[in-house]
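Dumped data13.cif below, it's mmCIF, C-alpha atoms:
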data_input
loop_
_atom_site.label_atom_id
_atom_site.label_comp_id
_atom_site.auth_asym_id
_atom_site.auth_seq_id
_atom_site.Cartn_x
_atom_site.Cartn_y
_atom_site.Cartn_z
CA SER F 1 86.43 86.30 90.27
CA CYS F 2 89.63 85.37 88.54
CA GLY F 3 89.71 88.41 86.33
CA GLU F 4 87.81 91.47 85.28
CA VAL F 5 87.74 93.93 82.42
CA MET F 6 86.13 97.37 82.65
CA ALA F 7 85.64 99.81 79.78
CA LEU F 8 85.02 103.31 81.06
CA SER F 9 82.06 104.33 78.93
CA GLN F 10 81.33 108.02 78.35
CA THR F 11 77.92 107.98 76.74
CA THR F 12 75.82 111.02 75.87
CA SER F 13 72.47 109.28 75.38
CA THR F 14 69.06 110.63 76.36
CA ILE F 15 66.82 108.74 78.75
CA GLY F 16 65.43 105.60 77.16
CA SER F 17 67.58 105.73 74.02
CA ARG F 18 68.95 102.54 72.54
CA ASN F 19 72.57 103.40 71.76
CA PHE F 20 75.73 103.79 73.78
CA ALA F 21 78.49 105.89 72.28
CA THR F 22 81.83 104.27 72.97
CA SER F 23 84.76 106.33 74.17
CA THR F 24 88.51 106.13 73.78
CA ALA F 25 88.97 105.47 77.49
CA LYS F 26 91.45 102.88 78.65
CA ILE F 27 90.27 99.36 79.47
CA GLU F 28 91.23 97.98 82.88
CA VAL F 29 92.21 94.30 82.96
CA GLU F 30 92.26 93.00 86.53
CA VAL F 31 93.03 89.67 88.21
CA LYS F 32 92.23 89.07 91.88
CA PHE F 33 94.47 87.11 94.26
CA ARG F 34 94.29 85.87 97.83
CA LEU F 35 95.89 88.20 100.34
CA SER F 36 97.86 86.98 103.37
CA ASP F 37 100.38 88.67 105.64
CA ARG F 38 103.20 86.97 103.73
CA THR F 39 101.80 88.06 100.36
CA GLU F 40 101.34 91.62 101.61
CA GLU F 41 104.97 91.78 102.74
CA ARG F 42 106.16 90.38 99.41
CA VAL F 43 104.20 92.95 97.39
CA ALA F 44 105.48 95.78 99.61
CA ARG F 45 109.08 94.68 98.94
CA LEU F 46 108.43 94.14 95.23
CA GLY F 47 106.63 97.36 94.33
CA ARG F 48 106.83 101.12 94.69
CA SER F 49 104.14 102.44 97.01
CA ILE F 50 101.78 105.01 95.46
CA GLY F 51 99.81 105.56 98.63
CA ARG F 52 96.94 104.49 100.85
CA LYS F 53 93.33 105.59 100.61
CA THR F 54 90.10 104.75 102.41
CA PHE F 55 86.76 104.74 100.60
CA THR F 56 83.17 103.66 101.20
CA ASP F 57 81.02 101.74 98.70
CA GLU F 58 77.25 101.41 98.88
CA TYR F 59 75.50 98.92 96.55
CA PHE F 60 71.88 99.12 95.37
CA ASP F 61 69.27 96.73 93.94
CA HIS F 62 65.56 95.90 94.02
CA PRO F 63 65.10 93.89 97.27
CA ALA F 64 62.10 91.93 95.96
CA ASP F 65 63.93 90.14 93.15
CA TYR F 66 67.55 91.42 93.00
CA ARG F 67 67.04 92.01 89.30
CA LEU F 68 70.35 93.84 88.89
CA THR F 69 72.79 91.58 90.70
CA THR F 70 71.20 88.39 89.32
CA ARG F 71 72.00 89.82 85.88
CA ASP F 72 75.59 90.60 86.94
CA ILE F 73 74.87 94.35 87.11
CA TRP F 74 76.57 96.21 89.96
CA LEU F 75 75.22 99.64 90.86
CA ARG F 76 77.23 101.37 93.55
CA LYS F 77 78.02 104.74 95.07
CA ARG F 78 81.70 105.18 95.90
CA GLN F 79 82.16 108.20 98.15
CA ASP F 80 80.05 110.83 96.33
CA ASN F 81 79.91 109.28 92.85
CA PHE F 82 77.70 106.57 91.36
CA GLU F 83 79.00 103.83 89.05
CA CYS F 84 77.12 101.05 87.26
CA LYS F 85 79.03 98.05 85.91
CA VAL F 86 77.14 96.45 83.02
CA PRO F 87 78.37 93.11 81.61
CA MET F 88 79.77 92.80 78.11
CA SER F 89 80.29 89.51 76.28
CA THR F 90 83.30 90.11 74.06
CA ALA F 91 86.28 89.19 76.24
CA PRO F 92 87.81 85.76 76.99
CA ASN F 93 85.86 83.40 79.25
CA VAL F 94 88.50 83.75 81.95
CA LEU F 95 87.31 87.30 82.56
CA ASP F 96 84.30 89.25 83.70
CA THR F 97 83.78 92.05 81.20
CA TYR F 98 81.99 95.29 81.97
CA HIS F 99 81.14 98.71 80.67
CA GLU F 100 81.34 101.08 83.59
CA LEU F 101 78.72 103.82 83.42
CA VAL F 102 79.72 106.82 85.50
CA ARG F 103 77.44 109.76 84.63
CA PRO F 104 74.08 110.02 86.46
CA GLU F 105 72.11 110.49 83.23
CA GLU F 106 73.65 107.45 81.53
CA ILE F 107 72.97 105.29 84.60
CA ALA F 108 69.31 106.40 84.60
CA ASP F 109 69.16 105.82 80.84
CA PHE F 110 70.40 102.25 81.26
CA LEU F 111 67.95 101.48 84.07
CA VAL F 112 65.02 102.77 82.01
CA ARG F 113 66.11 101.12 78.77
CA GLU F 114 66.50 97.72 80.44
CA ARG F 115 63.20 98.16 82.34
CA HIS F 116 64.83 98.19 85.76
CA ALA F 117 63.17 101.51 86.58
CA SER F 118 60.47 103.83 85.22
CA PRO F 119 61.39 107.02 83.34
CA PRO F 120 62.23 109.87 85.72
CA ALA F 121 60.23 113.08 85.80
CA ALA F 122 63.49 114.92 85.13
CA ILE F 123 66.81 113.57 83.91
CA PRO F 124 69.12 113.22 86.96
CA ASP F 125 72.18 115.35 86.29
CA SER F 126 73.92 114.98 89.65
CA ALA F 127 74.63 112.31 92.24
CA PRO F 128 72.00 113.66 94.69
CA ALA F 129 69.40 113.71 91.89
CA LEU F 130 70.27 110.13 90.94
CA ALA F 131 70.06 109.06 94.59
CA ARG F 132 66.52 110.51 94.79
CA TYR F 133 65.57 108.77 91.54
CA LEU F 134 66.88 105.39 92.79
CA ASP F 135 64.90 105.80 96.01
CA GLU F 136 61.74 106.69 94.09
CA SER F 137 62.30 103.64 91.86
CA GLY F 138 62.52 101.26 94.82
CA LEU F 139 66.23 100.52 94.62
CA THR F 140 67.61 100.16 98.13
CA ARG F 141 71.05 99.66 99.64
CA TYR F 142 72.03 96.04 100.27
CA ALA F 143 75.68 96.54 101.22
CA ARG F 144 77.91 99.21 102.69
CA LEU F 145 81.65 98.49 102.72
CA GLU F 146 84.57 100.59 103.90
CA THR F 147 87.91 99.64 102.34
CA VAL F 148 91.49 100.59 103.14
CA ARG F 149 93.53 100.23 99.94
CA ASP F 150 97.33 100.19 99.69
CA SER F 151 98.54 100.56 96.10
CA PHE F 152 101.87 99.71 94.48
CA VAL F 153 103.42 99.87 91.02
CA VAL F 154 105.68 97.16 89.57
CA GLY F 155 106.68 98.10 86.02
CA PRO F 156 103.44 98.37 84.00
CA PHE F 157 101.41 96.59 86.69
CA ARG F 158 99.36 98.24 89.42
CA ILE F 159 98.71 96.18 92.56
CA ASP F 160 95.94 97.03 95.03
CA LEU F 161 95.77 95.43 98.47
CA ASP F 162 92.28 95.85 99.96
CA LYS F 163 91.15 95.37 103.55
CA ALA F 164 87.39 95.66 104.06
CA ASP F 165 85.78 96.64 107.34
CA PHE F 166 84.10 93.25 107.75
CA GLY F 167 87.45 91.47 108.02
CA TYR F 168 87.97 90.47 104.38
CA ARG F 169 91.23 90.93 102.48
CA ILE F 170 91.86 90.63 98.75
CA GLY F 171 94.51 91.72 96.23
CA GLU F 172 94.30 92.74 92.60
CA VAL F 173 96.79 93.12 89.74
CA GLU F 174 95.82 95.53 86.96
CA LEU F 175 97.00 96.50 83.49
CA LEU F 176 95.55 99.24 81.28
CA VAL F 177 95.06 98.58 77.57
CA ASP F 178 93.65 100.62 74.69
CA SER F 179 91.32 98.11 73.02
CA GLU F 180 89.47 94.85 73.60
CA SER F 181 91.83 93.13 71.15
CA GLU F 182 94.61 93.55 73.73
CA VAL F 183 92.67 92.00 76.63
CA ALA F 184 93.76 88.38 76.10
CA ASP F 185 97.46 89.32 75.94
CA ALA F 186 97.14 91.53 79.02
CA THR F 187 95.46 88.70 80.90
CA ALA F 188 98.26 86.31 79.99
CA ARG F 189 100.86 88.85 81.14
CA ILE F 190 99.09 89.35 84.48
CA MET F 191 98.76 85.61 85.06
CA GLN F 192 102.47 85.13 84.29
CA PHE F 193 103.31 87.97 86.71
CA CYS F 194 101.22 86.25 89.40
CA ARG F 195 102.99 82.93 88.80
CA ASP F 196 106.42 84.59 88.85
CA HIS F 197 105.67 86.19 92.22
CA ASP F 198 103.71 83.35 93.81
CA LEU F 199 100.38 85.19 94.00
CA ASP F 200 97.46 82.81 94.64
CA VAL F 201 94.83 83.38 91.94
CA SER F 202 92.66 80.39 92.86
CA PRO F 203 88.92 81.26 92.76
CA ILE F 204 88.02 83.93 95.31
CA PRO F 205 84.93 86.10 95.72
CA GLY F 206 85.27 89.85 95.36
CA LYS F 207 84.45 92.03 98.37
CA VAL F 208 80.77 92.62 97.66
CA LEU F 209 80.08 88.96 96.82
CA GLU F 210 81.69 87.87 100.07
CA TYR F 211 79.72 90.50 102.00
CA VAL F 212 76.47 89.25 100.46
CA ARG F 213 77.40 85.63 101.19
CA LEU F 214 77.97 86.47 104.85
CA ASN F 215 75.15 88.95 105.45
CA ASN F 216 72.34 88.58 102.87
CA PRO F 217 71.37 84.89 102.60
CA GLY F 218 68.34 85.55 100.40
CA GLN F 219 70.33 87.56 97.91
CA HIS F 220 73.17 85.04 97.99
CA ALA F 221 70.71 82.23 97.18
CA ALA F 222 69.37 84.29 94.27
CA LEU F 223 72.90 84.85 92.94
CA VAL F 224 73.63 81.13 93.15
CA ALA F 225 70.33 80.22 91.45
CA SER F 226 70.96 82.73 88.65
CA GLY F 227 74.46 81.36 88.02
CA VAL F 228 76.12 84.72 88.71
CA PHE F 229 77.95 83.53 91.82
CA ASP F 230 79.56 80.58 90.02
CA LYS F 231 80.28 82.71 86.97
CA LYS F 232 82.17 85.30 88.99
CA VAL F 233 83.91 83.02 91.47
CA LEU F 234 84.32 79.58 89.86
CA ARG F 235 84.50 80.83 86.22
CA LYS F 236 81.78 78.38 85.16
#
Starting from the file, lay out its structure as structure tokens.
Amino acid sequence: SCGEVMALSQTTSTIGSRNFATSTAKIEVEVKFRLSDRTEERVARLGRSIGRKTFTDEYFDHPADYRLTTRDIWLRKRQDNFECKVPMSTAPNVLDTYHELVRPEEIADFLVRERHASPPAAIPDSAPALARYLDESGLTRYARLETVRDSFVVGPFRIDLDKADFGYRIGEVELLVDSESEVADATARIMQFCRDHDLDVSPIPGKVLEYVRLNNPGQHAALVASGVFDKKVLRK
């Protein structure tokens, strides 16, 4: 996708409740760009390195109908922690906008409330408990990606250069803001930064979309039919 916004939501809801309590967490505004050897060298010269890390992501959905991903919902386990990105609709059209649910109980609450899973016998309060609940609910893994990420800082901008284990490379420029009212300005600043430094922000799939396109033809067809693939890649 061209850009992405994530609000780190810290809800305290009970299973099946209707309300999400918003937090004062920062909002991440991100724009993806194509990564080549030349671009990688340019970023390394431009920025201050803040290190390299390797992490593994596993993504989950219902294999019969892909009811999460066809609704632009991305449930993943990164290392030992689960995250669920749930779309919002308040940011500019140039961006994907998400609440990011990070606590096991709030992820279970969302799945129950939106009828993606039945209520659990006990509220999952840990990652292993949530993993058992997902398995009992029929959500299975459809992707496993290992990524090596090199990160740099240029002024207020953070730049991540990702190399996935299936041969895919992608870059990302990020700014943190305090409120949704600042998203449009942050997006414009990132896009100007990309133009100034010749970063190619033409439409490009994120890592998991590209993995699905290459490895899961049935799921890819479902994402195309639902409009999610074009929404995230072509900004339609």
So which residues get picked by the PyMOL selection byres ((chain F and resi 167-181) around 6) here, written as a count of residues only?
-> 22
Residue with smallest distance to F:Ser137 - pool F:Val208, F:Ile123, F:Val153, F:Ala108, counting all atoms listed in the file =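 Checking each of F:Val208, F:Ile123, F:Val153, F:Ala108 against F:Ser137, counting all atoms listed in the file, the winner is F:Ala108.
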Enter the distance from atom CA of F:Leu139 to atom CA of F:Asp57, in Å, rounded to one decimal.
->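 Straight-line distance from atom CA of F:Leu139 to atom CA of F:Asp57 works out to 15.4 Å.
Excluding F:Thr70 itself and same-chain residues fewer than 5 positions from it, the residues having an atom within 8 Å of it are Ala222, Leu223, Ser226, Gly227 and Val228 of chain F, counting all atoms listed in the file.
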If we count all atoms listed in the file, what is near F:Pro104 at a cut-off of 6 Å, once residues fewer than 3 positions away on the same chain are taken out, given as a list in words?
->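 Once the adjacent positions are removed, what remains is Ile107, Pro124, Asp125, Ser126 and Leu130 of chain F.
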For atom CA of F:Gly138 and atom CA of F:Val112, the interatomic separation in Å (one decimal) |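 It comes out at 13.1 Å.
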Start from the incomplete input, build N, CA, C and O atoms for stretch 184-210 of chain F, and deliver everything as an mmCIF file, keeping the file's coordinate frame.
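Written output follows (out.cif):
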data_model
loop_
_atom_site.group_PDB
_atom_site.id
_atom_site.type_symbol
_atom_site.label_atom_id
_atom_site.label_comp_id
_atom_site.auth_asym_id
_atom_site.auth_seq_id
_atom_site.Cartn_x
_atom_site.Cartn_y
_atom_site.Cartn_z
ATOM 1 N N ALA F 184 93.245 89.742 75.896
ATOM 2 C CA ALA F 184 93.760 88.380 76.100
ATOM 3 C C ALA F 184 95.252 88.406 76.412
ATOM 4 O O ALA F 184 95.723 87.697 77.310
ATOM 5 N N ASP F 185 96.019 89.232 75.687
ATOM 6 C CA ASP F 185 97.460 89.320 75.940
ATOM 7 C C ASP F 185 97.724 89.905 77.322
ATOM 8 O O ASP F 185 98.608 89.421 78.053
ATOM 9 N N ALA F 186 96.960 90.929 77.704
ATOM 10 C CA ALA F 186 97.140 91.530 79.020
ATOM 11 C C ALA F 186 96.836 90.527 80.124
ATOM 12 O O ALA F 186 97.546 90.464 81.140
ATOM 13 N N THR F 187 95.797 89.729 79.917
ATOM 14 C CA THR F 187 95.460 88.700 80.900
ATOM 15 C C THR F 187 96.592 87.704 81.061
ATOM 16 O O THR F 187 96.968 87.342 82.186
ATOM 17 N N ALA F 188 97.153 87.261 79.937
ATOM 18 C CA ALA F 188 98.260 86.310 79.990
ATOM 19 C C ALA F 188 99.462 86.918 80.715
ATOM 20 O O ALA F 188 100.139 86.237 81.506
ATOM 21 N N ARG F 189 99.732 88.191 80.476
ATOM 22 C CA ARG F 189 100.860 88.850 81.140
ATOM 23 C C ARG F 189 100.625 88.946 82.646
ATOM 24 O O ARG F 189 101.547 88.722 83.443
ATOM 25 N N ILE F 190 99.388 89.271 83.044
ATOM 26 C CA ILE F 190 99.090 89.350 84.480
ATOM 27 C C ILE F 190 99.227 87.978 85.124
ATOM 28 O O ILE F 190 99.808 87.844 86.210
ATOM 29 N N MET F 191 98.693 86.944 84.475
ATOM 30 C CA MET F 191 98.760 85.610 85.060
ATOM 31 C C MET F 191 100.210 85.140 85.181
ATOM 32 O O MET F 191 100.584 84.510 86.176
ATOM 33 N N GLN F 192 101.051 85.476 84.197
ATOM 34 C CA GLN F 192 102.470 85.130 84.290
ATOM 35 C C GLN F 192 103.125 85.883 85.430
ATOM 36 O O GLN F 192 103.933 85.328 86.190
ATOM 37 N N PHE F 193 102.787 87.170 85.595
ATOM 38 C CA PHE F 193 103.310 87.970 86.710
ATOM 39 C C PHE F 193 102.926 87.326 88.039
ATOM 40 O O PHE F 193 103.764 87.229 88.951
ATOM 41 N N CYS F 194 101.671 86.886 88.160
ATOM 42 C CA CYS F 194 101.220 86.250 89.400
ATOM 43 C C CYS F 194 101.976 84.953 89.669
ATOM 44 O O CYS F 194 102.357 84.673 90.812
ATOM 45 N N ARG F 195 102.219 84.168 88.615
ATOM 46 C CA ARG F 195 102.990 82.930 88.800
ATOM 47 C C ARG F 195 104.426 83.239 89.207
ATOM 48 O O ARG F 195 104.979 82.606 90.110
ATOM 49 N N ASP F 196 105.027 84.237 88.551
ATOM 50 C CA ASP F 196 106.420 84.590 88.850
ATOM 51 C C ASP F 196 106.597 85.022 90.304
ATOM 52 O O ASP F 196 107.666 84.817 90.885
ATOM 53 N N HIS F 197 105.550 85.634 90.873
ATOM 54 C CA HIS F 197 105.670 86.190 92.220
ATOM 55 C C HIS F 197 104.813 85.453 93.237
ATOM 56 O O HIS F 197 104.563 85.970 94.340
ATOM 57 N N ASP F 198 104.398 84.240 92.873
ATOM 58 C CA ASP F 198 103.710 83.350 93.810
ATOM 59 C C ASP F 198 102.463 83.985 94.417
ATOM 60 O O ASP F 198 102.214 83.883 95.616
ATOM 61 N N LEU F 199 101.655 84.635 93.570
ATOM 62 C CA LEU F 199 100.380 85.190 94.000
ATOM 63 C C LEU F 199 99.283 84.170 93.722
ATOM 64 O O LEU F 199 99.187 83.643 92.615
ATOM 65 N N ASP F 200 98.471 83.869 94.724
ATOM 66 C CA ASP F 200 97.460 82.810 94.640
ATOM 67 C C ASP F 200 96.205 83.334 93.961
ATOM 68 O O ASP F 200 95.431 84.081 94.556
ATOM 69 N N VAL F 201 95.993 82.915 92.704
ATOM 70 C CA VAL F 201 94.830 83.380 91.940
ATOM 71 C C VAL F 201 93.739 82.310 91.864
ATOM 72 O O VAL F 201 92.893 82.348 90.974
ATOM 73 N N SER F 202 93.760 81.363 92.812
ATOM 74 C CA SER F 202 92.660 80.390 92.860
ATOM 75 C C SER F 202 91.353 81.131 93.110
ATOM 76 O O SER F 202 91.354 82.247 93.643
ATOM 77 N N PRO F 203 90.198 80.543 92.701
ATOM 78 C CA PRO F 203 88.920 81.260 92.760
ATOM 79 C C PRO F 203 88.652 81.903 94.120
ATOM 80 O O PRO F 203 88.809 81.264 95.164
ATOM 81 N N ILE F 204 88.257 83.167 94.077
ATOM 82 C CA ILE F 204 88.020 83.930 95.310
ATOM 83 C C ILE F 204 86.940 84.959 95.039
ATOM 84 O O ILE F 204 86.970 85.637 94.003
ATOM 85 N N PRO F 205 85.963 85.090 95.927
ATOM 86 C CA PRO F 205 84.930 86.100 95.720
ATOM 87 C C PRO F 205 85.488 87.512 95.888
ATOM 88 O O PRO F 205 86.377 87.745 96.710
ATOM 89 N N GLY F 206 84.969 88.452 95.115
ATOM 90 C CA GLY F 206 85.270 89.850 95.360
ATOM 91 C C GLY F 206 84.620 90.316 96.650
ATOM 92 O O GLY F 206 83.852 89.581 97.294
ATOM 93 N N LYS F 207 84.907 91.541 97.054
ATOM 94 C CA LYS F 207 84.450 92.030 98.370
ATOM 95 C C LYS F 207 82.932 92.003 98.503
ATOM 96 O O LYS F 207 82.405 91.543 99.511
ATOM 97 N N VAL F 208 82.231 92.522 97.495
ATOM 98 C CA VAL F 208 80.770 92.620 97.660
ATOM 99 C C VAL F 208 80.122 91.246 97.628
ATOM 100 O O VAL F 208 79.157 90.985 98.366
ATOM 101 N N LEU F 209 80.636 90.318 96.816
ATOM 102 C CA LEU F 209 80.080 88.960 96.820
ATOM 103 C C LEU F 209 80.277 88.288 98.165
ATOM 104 O O LEU F 209 79.379 87.596 98.668
ATOM 105 N N GLU F 210 81.433 88.474 98.765
ATOM 106 C CA GLU F 210 81.690 87.870 100.070
ATOM 107 C C GLU F 210 80.802 88.519 101.140
ATOM 108 O O GLU F 210 80.276 87.830 102.022
#
